[in-house]
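Shown below: coords01.txt, with compact mmCIF, C-alpha atoms.
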```
# COMPACT_ATOMS: atom_id res chain seq x y z
CA MET A 11 33.15 17.51 -23.81
CA ALA A 12 33.70 14.13 -22.27
CA SER A 13 37.01 12.56 -23.12
CA LEU A 14 37.25 9.42 -25.27
CA LYS A 15 38.09 7.31 -22.27
CA ASP A 16 35.03 8.53 -20.35
CA LEU A 17 32.81 7.64 -23.27
CA ARG A 18 34.40 4.23 -23.62
CA ASP A 19 33.82 3.54 -19.94
CA ARG A 20 30.20 4.60 -20.14
CA ILE A 21 29.56 2.41 -23.15
CA SER A 22 30.99 -0.63 -21.43
CA SER A 23 29.01 0.03 -18.25
CA VAL A 24 25.75 0.38 -20.19
CA GLN A 25 26.64 -2.78 -22.06
CA SER A 26 26.97 -4.79 -18.88
CA THR A 27 23.72 -3.35 -17.56
CA LYS A 28 22.07 -4.47 -20.75
CA LYS A 29 23.45 -7.95 -20.29
CA ILE A 30 21.97 -8.14 -16.80
CA THR A 31 18.55 -6.81 -17.76
CA SER A 32 18.25 -9.12 -20.74
CA ALA A 33 19.23 -12.10 -18.58
CA MET A 34 16.64 -11.08 -15.99
CA LYS A 35 14.06 -10.82 -18.73
CA LEU A 36 14.76 -14.37 -19.87
CA VAL A 37 14.59 -15.72 -16.34
CA ALA A 38 11.35 -13.86 -15.63
CA GLY A 39 9.90 -15.18 -18.87
CA ALA A 40 10.64 -18.75 -17.91
CA ARG A 41 9.25 -18.31 -14.40
CA LEU A 42 6.21 -16.49 -15.72
CA LYS A 43 5.10 -19.51 -17.67
CA LYS A 44 5.16 -21.70 -14.58
CA ALA A 45 3.56 -19.12 -12.31
CA GLN A 46 0.87 -18.47 -14.87
CA THR A 47 -0.13 -22.12 -15.13
CA GLU A 48 -0.26 -22.35 -11.36
CA ALA A 49 -2.41 -19.24 -11.04
CA GLU A 50 -4.73 -20.42 -13.75
CA SER A 51 -5.13 -23.92 -12.36
CA SER A 52 -6.17 -22.52 -8.99
CA ARG A 53 -8.93 -20.46 -10.53
CA PRO A 54 -11.62 -23.18 -10.85
CA TYR A 55 -11.46 -23.92 -7.13
CA THR A 56 -11.67 -20.24 -6.23
CA LYS A 57 -14.53 -19.69 -8.63
CA ARG A 58 -16.54 -22.66 -7.36
CA MET A 59 -15.91 -21.73 -3.76
CA GLN A 60 -17.12 -18.23 -4.49
CA GLN A 61 -20.26 -19.62 -6.16
CA ILE A 62 -21.02 -21.87 -3.22
CA MET A 63 -20.46 -19.03 -0.78
CA ASP A 64 -22.73 -16.77 -2.82
CA ASN A 65 -25.41 -19.45 -3.01
CA ILE A 66 -25.29 -20.08 0.69
CA THR A 67 -25.21 -16.48 1.80
CA SER A 68 -28.13 -15.58 -0.44
CA ASN A 69 -30.03 -18.55 0.98
CA VAL A 70 -29.30 -18.17 4.64
CA LYS A 71 -32.83 -18.23 5.97
CA ASN A 72 -32.73 -15.41 8.42
CA ILE A 73 -29.73 -13.23 8.06
CA GLU A 74 -30.14 -11.86 11.60
CA ASN A 75 -29.28 -15.20 13.13
CA ALA A 76 -26.33 -15.92 10.85
CA PRO A 77 -22.92 -16.15 12.50
CA GLU A 78 -21.03 -12.88 12.81
CA ILE A 79 -18.30 -14.07 10.51
CA ILE A 80 -20.85 -14.08 7.70
CA LYS A 81 -23.11 -11.13 8.31
CA GLY A 82 -20.53 -8.90 10.01
CA LYS A 83 -20.61 -7.06 13.28
CA GLU A 84 -22.87 -4.12 13.91
CA ASN A 85 -20.18 -1.56 14.53
CA SER A 86 -17.09 -2.39 12.58
CA LYS A 87 -14.37 -0.29 14.10
CA THR A 88 -11.19 -2.21 13.48
CA HIS A 89 -10.12 -3.05 9.97
CA LEU A 90 -7.43 -5.50 9.00
CA ILE A 91 -5.64 -5.04 5.72
CA VAL A 92 -3.64 -7.96 4.36
CA LEU A 93 -1.32 -6.46 1.82
CA MET A 94 0.22 -8.96 -0.57
CA THR A 95 3.19 -7.82 -2.62
CA SER A 96 6.31 -9.42 -4.01
CA ASP A 97 9.52 -9.89 -2.10
CA ARG A 98 11.82 -8.51 -4.78
CA GLY A 99 11.92 -5.29 -6.66
CA LEU A 100 12.86 -4.50 -10.26
CA CYS A 101 9.43 -5.36 -11.53
CA GLY A 102 8.18 -2.04 -12.84
CA GLY A 103 5.14 -0.51 -11.26
CA PHE A 104 3.86 -3.82 -9.90
CA ASN A 105 4.34 -3.20 -6.18
CA THR A 106 3.66 0.51 -6.48
CA ALA A 107 0.23 -0.14 -7.95
CA ILE A 108 -0.68 -2.48 -5.09
CA THR A 109 0.62 -0.24 -2.33
CA LYS A 110 -1.03 2.80 -3.88
CA LEU A 111 -4.40 1.09 -3.61
CA ALA A 112 -3.57 0.08 -0.04
CA LYS A 113 -2.53 3.59 0.93
CA ASN A 114 -5.73 5.07 -0.45
CA LYS A 115 -7.81 2.54 1.42
CA ILE A 116 -5.92 3.06 4.67
CA LYS A 117 -6.19 6.84 4.43
CA LYS A 118 -9.91 6.60 3.75
CA LEU A 119 -10.41 4.32 6.75
CA LEU A 120 -8.31 6.53 9.02
CA ALA A 121 -10.23 9.59 7.87
CA SER A 122 -13.48 7.95 8.96
CA ASN A 123 -12.01 7.28 12.42
CA LYS A 124 -11.48 3.55 12.04
CA ILE A 125 -8.64 1.60 13.56
CA VAL A 126 -6.44 0.01 10.92
CA LYS A 127 -4.12 -2.94 11.34
CA ILE A 128 -1.87 -4.12 8.55
CA ILE A 129 -0.28 -7.46 7.79
CA CYS A 130 2.30 -7.34 5.03
CA VAL A 131 2.91 -10.49 3.02
CA GLY A 132 6.01 -9.90 0.94
CA LYS A 133 8.86 -7.55 1.84
CA LYS A 134 8.15 -4.81 -0.68
CA GLY A 135 4.81 -3.87 0.81
CA LEU A 136 6.50 -3.46 4.16
CA ASP A 137 9.19 -1.24 2.65
CA HIS A 138 6.60 0.98 1.00
CA LEU A 139 4.32 1.38 4.00
CA LYS A 140 6.95 1.52 6.73
CA ARG A 141 7.54 5.24 6.39
CA GLU A 142 3.92 6.33 6.59
CA PHE A 143 2.13 3.73 8.65
CA ASN A 144 4.82 2.05 10.71
CA GLU A 145 2.76 1.93 13.90
CA LEU A 146 -0.17 0.25 12.11
CA ILE A 147 1.83 -2.71 10.82
CA ILE A 148 1.31 -5.61 13.19
CA ASP A 149 3.05 -8.36 11.28
CA SER A 150 5.03 -9.05 8.14
CA ILE A 151 5.53 -12.36 6.44
CA PRO A 152 8.30 -12.77 3.85
CA ILE A 153 7.69 -15.03 0.87
CA SER A 154 11.18 -15.64 -0.45
CA THR A 155 11.93 -18.40 2.06
CA LYS A 156 9.58 -20.47 -0.08
CA LYS A 157 10.66 -21.72 -3.45
CA LYS A 158 7.12 -22.43 -4.48
CA ILE A 159 3.93 -21.03 -3.05
CA ASP A 160 1.95 -23.95 -1.73
CA TYR A 161 -1.41 -24.24 -0.11
CA GLU A 162 0.18 -24.85 3.29
CA PHE A 163 1.72 -21.40 3.26
CA ALA A 164 -1.69 -19.85 2.59
CA THR A 165 -3.32 -21.95 5.32
CA LYS A 166 -0.77 -20.72 7.83
CA ILE A 167 -1.60 -17.11 7.03
CA SER A 168 -5.33 -17.73 7.09
CA ASN A 169 -5.08 -19.59 10.41
CA LYS A 170 -3.34 -16.58 11.86
CA ILE A 171 -6.05 -14.24 10.57
CA LEU A 172 -8.88 -16.47 11.82
CA LEU A 173 -7.26 -16.72 15.24
CA MET A 174 -7.09 -12.93 15.36
CA TYR A 175 -10.77 -12.77 14.46
CA GLU A 176 -11.66 -15.19 17.24
CA ASN A 177 -9.76 -13.02 19.71
CA GLU A 178 -11.72 -10.04 18.38
CA GLU A 179 -8.65 -8.20 17.24
CA PHE A 180 -10.46 -6.90 14.16
CA ASP A 181 -13.94 -6.72 12.68
CA ILE A 182 -13.43 -6.52 8.94
CA ALA A 183 -10.59 -7.96 6.87
CA HIS A 184 -9.57 -7.06 3.35
CA ILE A 185 -6.89 -8.52 1.14
CA ILE A 186 -5.06 -6.47 -1.44
CA PHE A 187 -3.30 -8.20 -4.29
CA SER A 188 -2.81 -7.90 -8.00
CA LEU A 189 -4.92 -9.86 -10.44
CA PHE A 190 -2.93 -11.35 -13.29
CA LYS A 191 -4.56 -10.43 -16.60
CA SER A 192 -1.61 -10.83 -18.95
CA ALA A 193 2.15 -10.38 -18.94
CA ILE A 194 1.73 -6.66 -19.50
CA LYS A 195 -1.43 -6.09 -17.52
CA GLN A 196 -1.99 -6.60 -13.82
CA GLU A 197 -4.77 -5.04 -11.80
CA ALA A 198 -4.50 -4.21 -8.13
CA GLN A 199 -7.55 -5.52 -6.32
CA LEU A 200 -9.21 -5.06 -2.98
CA LYS A 201 -11.32 -7.92 -1.69
CA GLN A 202 -13.22 -8.34 1.54
CA ILE A 203 -12.70 -11.76 3.11
CA ILE A 204 -14.22 -11.36 6.58
CA PRO A 205 -17.14 -11.06 7.03
CA VAL A 206 -18.29 -12.97 3.99
CA LEU A 207 -21.19 -10.64 3.26
CA ASP A 208 -19.81 -7.49 1.76
CA ASP A 209 -22.02 -4.47 2.35
CA ASN A 210 -21.44 -3.32 -1.17
CA VAL A 211 -22.13 -6.69 -2.75
CA GLU A 212 -25.07 -7.47 -0.52
CA ASN A 213 -27.57 -5.63 -2.65
CA ILE A 214 -26.57 -7.53 -5.74
CA SER A 215 -26.89 -10.93 -4.13
CA LYS A 216 -30.32 -10.00 -2.84
CA LYS A 217 -31.41 -9.37 -6.37
CA ASP A 218 -30.13 -12.77 -7.40
CA GLU A 219 -32.09 -14.41 -4.65
CA ASN A 220 -35.37 -13.96 -6.43
CA LYS A 221 -34.00 -15.39 -9.62
CA ASP A 222 -32.14 -18.36 -8.20
CA GLY A 223 -34.22 -19.72 -5.37
CA ALA A 224 -32.31 -22.97 -4.87
CA ILE A 225 -32.73 -24.23 -1.35
CA TYR A 226 -30.13 -26.55 0.05
CA GLU A 227 -30.20 -29.38 2.47
CA TYR A 228 -27.30 -29.23 4.86
CA GLU A 229 -25.42 -32.13 6.25
CA PRO A 230 -24.63 -31.69 9.15
CA GLU A 231 -26.46 -28.56 10.34
CA GLU A 232 -26.26 -25.36 8.36
CA GLU A 233 -24.30 -23.55 11.03
CA GLU A 234 -21.76 -26.33 11.34
CA VAL A 235 -21.16 -26.37 7.59
CA LEU A 236 -20.81 -22.61 7.44
CA LYS A 237 -18.43 -22.63 10.37
CA ASN A 238 -16.08 -24.87 8.41
CA LEU A 239 -16.67 -23.44 5.00
CA VAL A 240 -15.67 -19.90 5.92
CA PRO A 241 -12.11 -20.72 7.05
CA GLN A 242 -11.56 -22.68 3.85
CA ASN A 243 -12.83 -19.74 1.87
CA VAL A 244 -10.39 -17.40 3.60
CA ALA A 245 -7.51 -19.76 2.92
CA ILE A 246 -8.33 -20.17 -0.74
CA GLN A 247 -8.77 -16.42 -1.23
CA ILE A 248 -5.31 -15.85 0.19
CA PHE A 249 -3.85 -18.72 -1.80
CA SER A 250 -5.25 -17.46 -5.07
CA GLY A 251 -4.11 -13.94 -4.23
CA LEU A 252 -0.58 -15.20 -3.68
CA LEU A 253 -0.54 -17.13 -6.94
CA GLU A 254 -1.97 -14.26 -8.96
CA ASN A 255 0.66 -12.04 -7.39
CA ALA A 256 3.46 -14.44 -8.25
CA ALA A 257 2.41 -14.56 -11.88
CA GLY A 258 1.89 -10.81 -12.01
CA GLU A 259 5.29 -10.15 -10.49
CA GLN A 260 7.08 -12.20 -13.12
CA GLY A 261 5.01 -10.65 -15.90
CA ALA A 262 5.72 -7.14 -14.68
CA ARG A 263 9.40 -7.93 -14.30
CA MET A 264 9.58 -9.36 -17.80
CA THR A 265 8.03 -6.25 -19.34
CA ALA A 266 10.11 -3.91 -17.20
CA MET A 267 13.33 -5.71 -18.08
CA ASP A 268 12.37 -5.82 -21.74
CA SER A 269 12.00 -2.05 -21.92
CA ALA A 270 15.16 -1.61 -19.85
CA THR A 271 17.07 -3.77 -22.34
CA ARG A 272 15.71 -1.76 -25.23
CA ASN A 273 16.57 1.49 -23.49
CA ALA A 274 20.12 0.33 -22.88
CA GLY A 275 20.42 -0.60 -26.56
CA GLU A 276 19.34 2.88 -27.61
CA LEU A 277 21.72 4.48 -25.14
CA ILE A 278 24.61 2.39 -26.47
CA ASP A 279 23.81 3.51 -30.02
CA THR A 280 23.84 7.21 -29.11
CA LEU A 281 26.98 6.84 -27.02
CA THR A 282 28.78 4.97 -29.80
CA LEU A 283 27.84 7.68 -32.26
CA ASN A 284 29.18 10.36 -29.91
CA TYR A 285 32.30 8.33 -29.33
CA ASN A 286 33.01 7.94 -33.04
CA ARG A 287 32.34 11.61 -33.68
CA SER A 288 34.73 12.81 -31.05
CA ARG A 289 37.36 10.29 -32.17
CA GLN A 290 37.02 11.62 -35.71
CA ALA A 291 37.23 15.19 -34.41
CA GLN A 292 40.38 14.39 -32.55
CA ILE A 293 42.03 12.80 -35.56
CA THR A 294 41.12 15.82 -37.71
CA LYS A 295 42.48 18.12 -35.06
CA GLU A 296 45.78 16.25 -34.94
CA LEU A 297 46.09 16.27 -38.72
CA ILE A 298 45.50 20.03 -38.84
CA GLU A 299 48.18 20.50 -36.23
CA VAL A 300 50.68 18.43 -38.20
CA ILE A 301 49.88 20.16 -41.48
CA SER A 302 49.95 23.67 -40.09
CA GLY A 303 53.20 22.82 -38.31
CA ALA A 304 54.71 21.66 -41.62
CA GLU A 305 53.52 24.82 -43.41
CA ALA A 306 55.11 27.04 -40.79
CA VAL A 307 58.47 25.46 -41.50
CA MET B 16 -34.43 -37.73 -18.56
CA GLU B 17 -30.67 -37.90 -18.54
CA LYS B 18 -29.18 -40.91 -16.86
CA THR B 19 -25.90 -39.29 -15.96
CA PHE B 20 -24.85 -36.15 -14.20
CA PHE B 21 -21.80 -33.95 -14.15
CA PHE B 22 -19.23 -34.49 -11.43
CA GLU B 23 -16.14 -32.42 -10.76
CA LEU B 24 -13.50 -32.87 -8.08
CA ILE B 25 -11.39 -29.77 -7.55
CA THR B 26 -8.38 -29.12 -5.35
CA PRO B 27 -6.70 -25.72 -4.97
CA SER B 28 -3.94 -26.71 -7.36
CA LYS B 29 -5.95 -28.46 -10.05
CA SER B 30 -9.17 -30.05 -11.15
CA LEU B 31 -8.74 -33.81 -10.67
CA ILE B 32 -11.70 -35.00 -12.68
CA ALA B 33 -14.58 -33.45 -14.56
CA ASN B 34 -16.90 -35.83 -16.36
CA ASP B 35 -20.37 -37.38 -16.53
CA PHE B 36 -21.13 -40.34 -14.27
CA ASP B 37 -24.04 -42.62 -13.37
CA MET B 38 -23.42 -42.50 -9.66
CA VAL B 39 -20.88 -41.09 -7.22
CA VAL B 40 -20.55 -42.26 -3.63
CA VAL B 41 -19.29 -39.51 -1.37
CA PRO B 42 -17.99 -39.98 2.19
CA GLY B 43 -20.20 -37.38 3.89
CA ALA B 44 -19.66 -36.18 7.43
CA GLU B 45 -22.75 -38.08 8.59
CA GLY B 46 -22.23 -41.20 6.54
CA ASP B 47 -21.57 -42.11 2.93
CA PHE B 48 -24.16 -41.01 0.45
CA GLY B 49 -24.69 -41.93 -3.17
CA VAL B 50 -25.50 -39.20 -5.64
CA LEU B 51 -27.65 -40.16 -8.61
CA PRO B 52 -28.90 -37.93 -11.41
CA HIS B 53 -31.42 -35.30 -10.21
CA HIS B 54 -30.36 -35.51 -6.61
CA CYS B 55 -31.88 -32.76 -4.48
CA ASN B 56 -29.78 -29.71 -3.66
CA LEU B 57 -27.39 -30.48 -0.90
CA ILE B 58 -24.30 -29.14 0.76
CA SER B 59 -22.40 -31.64 2.84
CA GLN B 60 -19.19 -31.64 4.72
CA ILE B 61 -16.82 -34.49 3.96
CA ARG B 62 -15.01 -36.78 6.33
CA PRO B 63 -11.77 -38.52 5.39
CA GLY B 64 -12.58 -41.44 3.15
CA VAL B 65 -12.79 -42.83 -0.34
CA LEU B 66 -14.97 -41.38 -3.05
CA ASN B 67 -16.07 -43.80 -5.78
CA THR B 68 -17.38 -42.88 -9.18
CA HIS B 69 -19.59 -45.36 -11.03
CA LYS B 70 -20.03 -45.75 -14.74
CA ASN B 71 -22.06 -48.55 -16.38
CA ASN B 72 -22.58 -50.25 -13.02
CA LYS B 73 -18.88 -50.50 -12.37
CA ILE B 74 -16.56 -48.48 -10.19
CA ASP B 75 -14.76 -46.21 -12.58
CA LYS B 76 -12.34 -44.27 -10.42
CA SER B 77 -11.62 -43.95 -6.73
CA PHE B 78 -10.25 -40.93 -4.97
CA PHE B 79 -9.11 -40.35 -1.44
CA ILE B 80 -10.52 -37.18 0.09
CA TYR B 81 -9.34 -35.82 3.39
CA ASN B 82 -11.68 -32.89 3.89
CA GLY B 83 -13.84 -30.48 2.00
CA PHE B 84 -17.36 -29.95 0.81
CA ALA B 85 -19.73 -31.51 -1.66
CA GLU B 86 -22.34 -29.40 -3.35
CA VAL B 87 -25.19 -30.81 -5.38
CA SER B 88 -27.26 -28.40 -7.39
CA ASP B 89 -28.74 -28.31 -10.84
CA ASN B 90 -27.83 -31.95 -11.61
CA LYS B 91 -24.17 -31.23 -10.88
CA LEU B 92 -21.98 -32.50 -8.09
CA ILE B 93 -19.01 -30.37 -7.20
CA VAL B 94 -16.56 -31.58 -4.57
CA LEU B 95 -14.09 -29.05 -3.24
CA SER B 96 -11.26 -30.52 -1.25
CA GLU B 97 -7.93 -29.21 0.01
CA THR B 98 -6.43 -32.69 -0.01
CA ALA B 99 -7.55 -35.22 -2.56
CA PHE B 100 -5.82 -37.63 -4.91
CA ASP B 101 -6.37 -40.69 -7.06
CA ILE B 102 -5.96 -43.80 -4.93
CA SER B 103 -3.59 -45.35 -7.45
CA GLU B 104 -1.14 -42.54 -6.72
CA PHE B 105 -0.92 -43.40 -3.04
CA LYS B 106 2.57 -44.31 -1.85
CA LEU B 107 2.92 -45.49 1.71
CA ASN B 108 6.59 -44.62 2.20
CA ILE B 109 6.15 -41.04 1.01
CA TYR B 110 3.51 -40.55 3.66
CA LYS B 111 5.68 -42.11 6.32
CA ASP B 112 8.50 -39.78 5.30
CA ASN B 113 6.14 -36.83 5.52
CA ILE B 114 5.15 -37.75 9.04
CA SER B 115 8.74 -37.70 10.24
CA LYS B 116 9.34 -34.47 8.33
CA TYR B 117 6.43 -32.70 9.97
CA GLU B 118 7.34 -34.02 13.39
CA LYS B 119 10.84 -32.68 12.97
CA LEU B 120 9.49 -29.27 11.93
CA LYS B 121 7.13 -29.34 14.90
CA ASN B 122 10.01 -29.85 17.33
CA GLN B 123 12.00 -27.04 15.74
CA THR B 124 9.41 -24.32 16.03
CA LYS B 125 8.21 -22.58 19.16
CA SER B 126 5.12 -20.73 17.96
CA GLU B 127 1.90 -22.40 19.11
CA ASN B 128 0.23 -21.60 15.84
CA GLU B 129 2.82 -23.61 13.92
CA ILE B 130 2.86 -26.49 16.38
CA SER B 131 -0.89 -27.01 16.06
CA PHE B 132 -0.53 -26.70 12.30
CA TYR B 133 2.06 -29.50 12.14
CA GLU B 134 0.05 -31.62 14.54
CA LYS B 135 -2.89 -31.35 12.18
CA LYS B 136 -0.65 -32.39 9.30
CA VAL B 137 0.64 -35.45 11.13
CA ASN B 138 -2.94 -36.40 12.00
CA GLU B 139 -3.89 -36.02 8.39
CA MET B 140 -1.07 -38.31 7.24
CA ASN B 141 -1.92 -40.92 9.87
CA THR B 142 -5.60 -40.99 8.95
CA THR B 143 -4.72 -41.28 5.29
CA ILE B 144 -2.48 -44.25 5.92
CA GLU B 145 -5.04 -45.86 8.20
CA ILE B 146 -7.83 -45.63 5.68
CA LEU B 147 -5.86 -46.66 2.64
CA SER B 148 -3.89 -49.57 3.98
```
Would you kindly transcribe this structure into structure tokens?
Amino acid sequence: MASLKDLRDRISSVQSTKKITSAMKLVAGARLKKAQTEAESSRPYTKRMQQIMDNITSNVKNIENAPEIIKGKENSKTHLIVLMTSDRGLCGGFNTAITKLAKNKIKKLLASNKIVKIICVGKKGLDHLKREFNELIIDSIPISTKKKIDYEFATKISNKILLMYENEEFDIAHIIFSLFKSAIKQEAQLKQIIPVLDDNVENISKKDENKDGAIYEYEPEEEEVLKNLVPQNVAIQIFSGLLENAAGEQGARMTAMDSATRNAGELIDTLTLNYNRSRQAQITKELIEVISGAEAV
Amino acid sequence: MEKTFFFELITPSKSLIANDFDMVVVPGAEGDFGVLPHHCNLISQIRPGVLNTHKNNKIDKSFFIYNGFAEVSDNKLIVLSETAFDISEFKLNIYKDNISKYEKLKNQTKSENEISFYEKKVNEMNTTIEILS
């Protein structure tokens, strides 16, 4: 059995762990509130942009003549995956859920003989994928240099992606991030950003076309507008992904630290009980020794 | 027939205004255009300029818009812009500070991508100052 001193040491070490986790929980809670408001206030823009994009793509007069960035290329060989994770760990299964989705997607693409390129935004994604897909990772962008995620940061990433598209370095781009539902629930999501028309979604929007036959006037020409609208759409998708991630990260960390704190509390209780028991046992033992010694005399 | 229509101006970080108006004058890429109730469906690019909202024959609020898109459909006008703010919030010295900040960052970096990014920013600040002062 462990000696009294060992037990005492363990109790004090668990106690200090508990202090740390409960402090982290408080900090995450405070940050969560801010990140959540930011994520939520970016949603209207994203939603509207999506609506406009849907309207336009379902109204493009002849889809054959639409720019490639909208309708997609005929043979899409190279896929780009933009994996967005957090920079720090200790946030439960948050990053694991995102990278799991990414790994599945990458494996599926590789199995169907596609070329995959990966950009990691956030250090954790890089750490997770490095072992398996090191040669596929073409770039990684850390977040922690930024105190606050601003639109500029997202534009820089989207500019990089659009430049790659222009140089024909990939044909299809997906982003992977985690949608913030609540502090205890985040959902890893896969979204296609380039080309705008998603093969899977295409059928749905065609159905809508009959129902909502709004025809737009374009100023200037349709192609010109689309050419400028698409980059903005890419930027805002990335921006909203980053914000949702930031909120999700804090939420996941708060829940993870909450259960860690509770766990530590339980552990301290059991350890204290053990400690008191063995102390009692020792005292009894000493008493017996004294008494039996006295009787022998 | 309603005499007003719904107008919303949204930036990535927040929705600046969402209300009913009589008329909104938007700085379109090919010239300013006024939007009245039951305007036909339209998607227009925006050039840097001032957007005015009218209520009861008076200018109600004015916003500066640097870029973005206006969409009219279904008696609604939605303006999406990456950079937009209420004119009353414009402060000349902050913009001048920003210019020097971006120029400093531009000189520090070597990647072409970043240099063109900061150049764009400086341009943006200069145009803003030019139009508003």
Quick one: which residues from chain B are at most 6 Å off chain A, using all atoms listed in the file, as a PyMOL selection string? chain B and resi 25+27-29+56-59
For a quick check of understanding, using all atoms listed in the file, which of A:Glu296, A:Asp137, A:Glu84, A:Glu254 has the smallest distance to A:Ile186? A:Glu254
So the first atom is atom CA of A:Ala164 and the second is atom CA of B:Glu97; what is the distance between them in Å, to one decimal place?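 Taking atom CA of A:Ala164 as the start and atom CA of B:Glu97 as the end point, the length is 11.5 Å.
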Identify, on the basis of only C-alpha atoms, every residue whose closest approach to B:Glu23 does not exceed 6 Å; exclude the query and any residue fewer than 4 positions from it along the same chain; express the result as a ChimeraX atom specification. /B:32-33,93
Need the shell around A:Val240: protein/DNA/RNA residues with any atom at most 10 Å away, counting only C-alpha atoms. Skip same-chain ones fewer than 6 positions apart. Format as a PyMOL selection string? chain A and resi 59+63+79-80+172+203-206+246
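What separates atom CA of A:Phe187 from atom CA of A:Arg272 is a distance of 29.0 Å.
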In Å, rounded to a single decimal, give me how far atom CA of A:Ala183 is from atom CA of A:Ile248. 11.6 Å
When you look at stretch 141-146 of chain B with a cut-off of 7 Å (counting all atoms listed in the file), what residues show up, excluding the ones that are within fewer than 2 positions of it in the same chain? I need them as a ChimeraX atom specification. /B:64,107,137-139,148
Shortest contact to B:Val87, candidates B:Thr124, B:Ser131, B:Gln60, B:Ser115, atoms counted only C-alpha atoms, goes to B:Gln60
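The shell of residues at most 12 Å from A:Val37, with all atoms listed in the file counted and near chain neighbours (fewer than 4 positions) removed, consists of Ile30, Thr31, Ser32, Ala33, Arg41, Leu42, Lys43, Lys44, Gln260, Gly261, Arg263, Met264, Thr265, Met267 and Asp268 of chain A.
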Considering all atoms listed in the file, can you say which of A:Gln46, A:Thr271, A:Asn243, A:Lys81 comes closest to A:Thr67? A:Lys81
Return the single residue from A:Ile298, A:Ile147, A:Ala121, A:Cys101 that is closest to A:Ala257, with distances computed using all atoms listed in the file.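 Ranking A:Ile298, A:Ile147, A:Ala121, A:Cys101 by distance to A:Ala257, first place goes to A:Cys101.
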Show which residues sit within 9 Å of B:Ser103, as a count of residues only. Count all atoms listed in the file, and ignore same-chain residues fewer than 3 positions away. 4
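Among the candidate residues A:Lys110, A:Lys35, A:Lys28, A:Lys295, the one lying nearest to A:Glu197 is A:Lys110, with distances computed using all atoms listed in the file.
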Name the closest residue to B:Asn82 among the candidates B:Thr26, B:Thr19, B:Thr68, B:Gln123; distances are taken between atoms, counting only C-alpha atoms.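 Closest candidate: B:Thr26.
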Please export stretch 31-41 of chain B as a CSV table (one decimal), in the first residue's frame, restricted to N, CA, C and O atoms.
```
chain,number,residue,atom,x,y,z
B,31,LEU,N,-25.3,46.8,-40.4
B,31,LEU,CA,-25.2,48.2,-40.0
B,31,LEU,C,-26.6,48.8,-39.9
B,31,LEU,O,-26.9,49.7,-39.0
B,32,ILE,N,-27.5,48.4,-40.8
B,32,ILE,CA,-28.8,49.0,-40.7
B,32,ILE,C,-29.8,48.0,-41.4
B,32,ILE,O,-29.5,47.4,-42.3
B,33,ALA,N,-31.0,48.0,-40.8
B,33,ALA,CA,-32.0,47.1,-41.4
B,33,ALA,C,-33.4,47.8,-41.1
B,33,ALA,O,-33.8,47.8,-39.9
B,34,ASN,N,-34.0,48.4,-42.1
B,34,ASN,CA,-35.2,49.2,-41.8
B,34,ASN,C,-35.9,49.4,-43.1
B,34,ASN,O,-35.4,49.1,-44.2
B,35,ASP,N,-37.1,50.0,-43.0
B,35,ASP,CA,-37.9,50.4,-44.2
B,35,ASP,C,-37.6,51.8,-44.6
B,35,ASP,O,-37.5,52.7,-43.7
B,36,PHE,N,-37.4,52.1,-45.9
B,36,PHE,CA,-37.1,53.4,-46.4
B,36,PHE,C,-37.9,53.7,-47.6
B,36,PHE,O,-38.5,52.8,-48.3
B,37,ASP,N,-38.0,55.1,-47.9
B,37,ASP,CA,-38.7,55.5,-49.1
B,37,ASP,C,-37.9,55.3,-50.4
B,37,ASP,O,-38.3,54.9,-51.4
B,38,MET,N,-36.6,55.7,-50.2
B,38,MET,CA,-35.7,55.6,-51.3
B,38,MET,C,-34.3,55.5,-50.8
B,38,MET,O,-33.9,56.0,-49.8
B,39,VAL,N,-33.4,54.7,-51.5
B,39,VAL,CA,-32.0,54.6,-51.2
B,39,VAL,C,-31.2,54.9,-52.5
B,39,VAL,O,-31.6,54.3,-53.5
B,40,VAL,N,-30.2,55.7,-52.4
B,40,VAL,CA,-29.4,56.0,-53.5
B,40,VAL,C,-28.1,55.3,-53.3
B,40,VAL,O,-27.3,55.5,-52.4
B,41,VAL,N,-27.8,54.4,-54.3
B,41,VAL,CA,-26.6,53.5,-54.2
B,41,VAL,C,-25.6,53.9,-55.2
B,41,VAL,O,-25.9,54.1,-56.3
```
